[in-house]
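Report on the structure given below.
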Amino acid sequence: MKPSTKFALGAIVIVGSVTLLISEGIKQTGTYFLTPTELVERSTADPTLHDVGVKVSAKVVKGSIERDGPAQRIDFTVSDGANSFPVTYVGMVPDTFTDENDIEVVVEGKFGRDGIFHATDVIAKCGSRYEAEWEEQGTQT
Amino acid sequence: MTLLGQFALWAAFLIGLWSAGLAFLTRWQDRPELAAAVQRSAYAICIALLVAAFALWKGIFAHDFNIEYVASYTSRNLPEYYLVSAFWAGQKGSLLFWAVVLGIFGSLAQALTSSRFRDLLPYVAGITNLIVVFFIAVMLFGEHANPFERLSFTPPDGNGLNPQLQNPGMVVHPPMLYLGYISLTIPFAFAIAAMLARKLDAGWIIAMRKWAIMSWIFLSVGITIGMWWAYLELGWGGVWGWDPVENASFHPWLTLTAFLHSVMIQEKRGMLKRWNMTLVIGTFLLSIFGTFITRSGVIASVHSFTQSSVGYFFLAFLMVTAIVSFTLLYTRWDSLKPEAELESMVSRESAFLFNNLALVGIAFSVLWGTLFPIISEAVRGTKITVGPPFFNRVNIPLGLFLLFLTGVGPLIAWRKASVRNLQRQFIVPVAAGLVTFGVLFAMGLRGFYPLMSLGLAGFVLGTVAQEFWRGVRARMSMYGEHIFAALSRLVSRNRRRYGGYIVHVGIVAYFVAFVGLAFQEKVSVQMVPGQTEVVRSPYGHDIAFTYMGTSQYQSLNRLVSAATLQVTRDGKRLDDIVSEKRQHVDSFGRPTFEPSTEVGLHSDLREDIYVVYAGSPDGTERAQFSLIINPLVNWFWIGGVILVLGGVLAMWPGGPQIKTKRRAPVAQAGYGVPLREGAVKG
């Protein structure tokens, strides 16, 4: 066998294992990323969606955060305007997590059959609201 | 001042268009005065952009809050050094920063490149100027992208800088990454210039090699400082979260690392010319792609950049650049034929080829994972995301394979390794790896990946040590030099080679630190003052935290509540750890931004004790904490320093090797070393 043929075989093995690792990795760890409306519609159509982990990106409804301090539990409601549902989470949330400024969050967890989203992770995205304030008041060059 | 800035931007824009026209549309090859004009235009653009930068800085330092950018990112009570970093804190300023630095690099490329490459330099100037023109165009024509935009009113004070950016790491991290991204333009410009000029020998590679190493150092430093910032500022106890924005900086680093290795094959053997061209183009495109995904918001990320139409300028630029570059590569395909063939599977060439495949494989898998939400939505109509578990599953095996090759590469001979060569070279490093593995196993370390990583780390260190030792010993016996003299001469005469080995040592430190992070212990507790919590460290020590209470005070631009914990390790008292909750305020005492957290840390080479004070959950004296034990984290930062030292050594200018080519043999006499030495070691 020519060395370049041998090398090609080695290369095929590497490329093959990369492909296999990627496809298996996605199969085993991929999570649906949905909006509240998609989640509500899909889980009505296919109840098994209640049993798998999903991620939902939505806005925290103003004034909806309730904290149970000693239990470290936080309950709040998220919405995308059309659909909303309650979320419950135990653990620490980032500083940027508030219900004052229409902040966007990504909640990860399972959407229970009880209609409550049991989050295992809450990520808050801070909007650049300060900048928006200036823009609203008008700019000129 | 904004008028001056605007004027300077337009001036640079027009000079850029004019010089690019001159470089690509005229026959400057026959007219030296035109070629010189194109080259000089790089300096003109640079000066115009420096004036624009001066105008913005002037506005920032004068607290001219009528300028929208100044009002958005600074305030009267912001410490002065953060006023400097406010220049690149926002999108508009970072665009200007990019243009200015590219202007400077473009000029340096003209000034520092040897006149041997005069056939390439006007093209290089044309390409860098055209890319500068793109950035200026974004500022001038993009939506809310002009840093000199004025407000219709003047606010009494600005917003101030986001508190998470008020950290020394954040002063350095973005510009370092930008410097890395921006300097990638120069290797790209040389690659395109070589194809345009049809000068496809190794010349263009020699002309841009140091730029590639420099980009690599900047990217490495930028990424490492980003890890450091994430570790200290985000309060989650980790360093790398596989967020799209982080990944965006990792892609070009991987392909550039691949290039720095494969380029050696082209220099030594005249192989892989097409592949190297592809890597340079790909690396540049990935850096633009990274800017596109961070600016456009097409992929959800925890990093919140201002999202605007600016992203689509980058997308258009990316596509045009890709089409032009690859079309050019296609038309030059035949001129890039390899001069030699692979002679054996067991050779340095093939080790480097496998290293390239693994690096590009990692880059591809990270890119695929980053883009998967978009791909899955387009193909299946459902957005599917992958997170750290995916990236770890895929990249740990590939990373270990790469670490293995890091040890193998330097040991195998070029062309074809003999059995004797293999025996002679591998015994010591393999033994070092096995001993590391055995000792750690005996000490009670378990787990396949940790043992493999550290065993391979021992193997790589064995390789590097053997390489240094053999080189030193050869000099000692050949020239009768003292050990230290031999070491320093050995290294200074083969800077790229031994600098590279030192970089390998730095990489090993990163692997060690990642293994440590896998053993992280993390608990979340609530404590009242006087209460003690005990966490068992992965080494089996009992670490006790006693909550001493919280004090509140006011600092320059913030209100602080600081929680103090007394810490003991197996009963032995360590320094107290203080973690703070900060509420930033403007100069009128009104709160700005959400509260932020300052991590409390006790750090040594063995482990970090990491405390996050999360405030009081119910307004009483009961306080909430995350207590985290992170083994070996310091090795990231140590690895970073080693890596930079090795990188700087590899690109350090001068050296006798180069002098032998240029000067008469007499110049060598002063070193007391026969001329042949450089050739033998090289």
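Letters for chains follow the order of the structure tokens (A, B, ...), residue numbers begin at 1 for each chain, and ligand numbers begin at 1 in the order shown.
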Do you know which residues are at most 8 Å from A:Pro3 counting only C-alpha atoms, after dropping those on the same chain fewer than 2 positions away, and could you put them as a ChimeraX atom specification?
/A:1,5-7 /B:342-345
Export of the given selection (N, CA and C atoms) as a CSV table (one decimal), in the first residue's frame:
chain,number,residue,atom,x,y,z
A,1,MET,N,0.8,-1.2,0.0
A,1,MET,CA,0.0,0.0,0.0
A,1,MET,C,0.9,1.3,0.0
A,5,THR,N,-2.1,6.3,0.5
A,5,THR,CA,-3.3,5.5,0.7
A,5,THR,C,-3.5,5.2,2.2
A,6,LYS,N,-2.4,4.8,2.8
A,6,LYS,CA,-2.5,4.5,4.3
A,6,LYS,C,-3.0,5.8,5.0
A,7,PHE,N,-2.4,6.9,4.6
A,7,PHE,CA,-2.8,8.1,5.3
A,7,PHE,C,-4.2,8.4,5.1
B,342,LEU,N,3.9,12.3,0.3
B,342,LEU,CA,4.1,11.6,1.6
B,342,LEU,C,4.9,10.3,1.4
B,343,GLU,N,6.0,10.2,2.2
B,343,GLU,CA,6.8,9.0,2.0
B,343,GLU,C,6.5,7.8,2.9
B,344,SER,N,6.0,8.2,4.1
B,344,SER,CA,5.7,7.1,5.0
B,344,SER,C,4.6,7.6,6.0
B,345,MET,N,3.8,6.6,6.5
B,345,MET,CA,2.8,6.9,7.5
B,345,MET,C,3.5,7.4,8.8
Contacts of B:Ser453 at 7 Å or less, counting only C-alpha atoms, minus same-chain residues fewer than 4 places along, as a PyMOL selection string?
chain B and resi 400+449+457+511
Let's have the selection written as a tab-separated table (two decimals), in the first residue's frame, with N, CA and C atoms.
chain	number	residue	atom	x	y	z
B	400	LEU	N	-7.78	14.73	23.57
B	400	LEU	CA	-6.77	13.79	24.06
B	400	LEU	C	-5.93	13.24	22.91
B	449	TYR	N	-10.90	9.47	31.70
B	449	TYR	CA	-10.42	10.70	31.09
B	449	TYR	C	-9.36	11.40	31.93
B	457	ALA	N	-0.23	14.01	29.53
B	457	ALA	CA	0.49	15.23	29.90
B	457	ALA	C	1.93	14.88	30.29
B	511	PHE	N	-4.55	21.50	30.05
B	511	PHE	CA	-5.18	20.18	30.19
B	511	PHE	C	-5.26	19.78	31.66
Can you list, as number ranges by chain, every protein, DNA or RNA residue that comes within 8 Å of stretch 585-588 of chain B when you count only C-alpha atoms, leaving out same-chain residues fewer than 6 positions away?
B: 75-77, 157, 159-160, 557-559
Using only C-alpha atoms and a distance of at most 6 Å, pull out the residues of chain B that contact chain A, as an NGL selection string.
:B and (72 or 149-152 or 302 or 342-345 or 383-386 or 390 or 394 or 594-596 or 617-618)
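Residues in contact with A:Gly115 at up to 8 Å, not including ones fewer than 3 positions away on its chain and judged by only C-alpha atoms, are Phe85, Pro86, Phe111 and Gly112 of chain A.
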Contacts of B:Ala86 at 8 Å (only C-alpha atoms; same-chain gap of 2+ positions) as a PyMOL selection string
chain B and resi 60+73-74+82-84+88-90+93+161
Using Å and a single decimal, report how far atom CA of B:Met443 sits from atom CA of B:Pro631.
15.8 Å
Counting only C-alpha atoms, what is within 7 Å of stretch 61-65 of chain B, bar same-chain residues fewer than 2 positions away, as a ChimeraX atom specification?
/B:57-59,67-68,70-71,76,83,154-155,157-158
List the neighbours of stretch 261-272 of chain B out to 8 Å using only C-alpha atoms; skip same-chain residues closer than 2 positions along the sequence, and give me the result as a short mmCIF file (atom, residue, chain, number, x, y, z; two decimals) with N, CA and C atoms, in the first residue's frame.
data_model
loop_
_atom_site.label_atom_id
_atom_site.label_comp_id
_atom_site.auth_asym_id
_atom_site.auth_seq_id
_atom_site.Cartn_x
_atom_site.Cartn_y
_atom_site.Cartn_z
N ALA B 202 7.42 29.79 -1.32
CA ALA B 202 7.21 29.95 0.12
C ALA B 202 7.37 31.40 0.59
N ILE B 205 4.74 33.06 2.75
CA ILE B 205 4.66 32.47 4.09
C ILE B 205 5.74 33.04 4.99
N THR B 257 -3.93 27.46 14.76
CA THR B 257 -3.00 26.50 15.34
C THR B 257 -2.65 25.44 14.30
N ALA B 258 -3.66 24.96 13.58
CA ALA B 258 -3.41 23.98 12.53
C ALA B 258 -2.44 24.55 11.50
N PHE B 259 -2.68 25.80 11.11
CA PHE B 259 -1.83 26.44 10.09
C PHE B 259 -0.38 26.54 10.57
N ARG B 274 -1.97 24.03 -1.05
CA ARG B 274 -3.40 24.36 -1.19
C ARG B 274 -4.06 24.38 0.18
N TRP B 275 -3.70 23.41 0.97
CA TRP B 275 -4.27 23.29 2.31
C TRP B 275 -3.94 24.54 3.15
N ASN B 276 -2.68 24.99 3.08
CA ASN B 276 -2.29 26.17 3.86
C ASN B 276 -3.05 27.41 3.40
N LYS B 337 0.60 23.11 -6.90
CA LYS B 337 0.86 21.67 -6.83
C LYS B 337 1.95 21.36 -5.80
N PRO B 338 1.80 20.28 -5.05
CA PRO B 338 2.84 19.92 -4.08
C PRO B 338 4.13 19.50 -4.78
N GLU B 339 5.29 19.77 -4.14
CA GLU B 339 6.57 19.42 -4.74
C GLU B 339 7.03 18.03 -4.32
N ALA B 340 6.37 17.46 -3.32
CA ALA B 340 6.79 16.14 -2.85
C ALA B 340 5.57 15.36 -2.42
N GLU B 341 5.76 14.05 -2.22
CA GLU B 341 4.67 13.20 -1.77
C GLU B 341 4.99 12.67 -0.39
N GLU B 349 5.69 14.45 8.89
CA GLU B 349 4.65 14.99 8.02
C GLU B 349 3.29 14.41 8.37
N PHE B 352 1.88 15.64 11.63
CA PHE B 352 1.32 16.99 11.49
C PHE B 352 -0.01 16.97 10.74
N LEU B 353 -0.09 16.08 9.75
CA LEU B 353 -1.35 16.00 9.00
C LEU B 353 -2.49 15.55 9.91
N ASN B 356 -3.48 18.32 12.09
CA ASN B 356 -4.34 19.27 11.38
C ASN B 356 -5.78 18.76 11.29
#
All helix (DSSP H, G or I) positions in stretch 29-93 of chain A, as number ranges by chain:
A: 29, 36-45, 47-51
For atom CA of B:Met139 and atom CA of B:Ala12, quote the distance in Å rounded to one decimal.
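Interatomic distance here is 12.1 Å.
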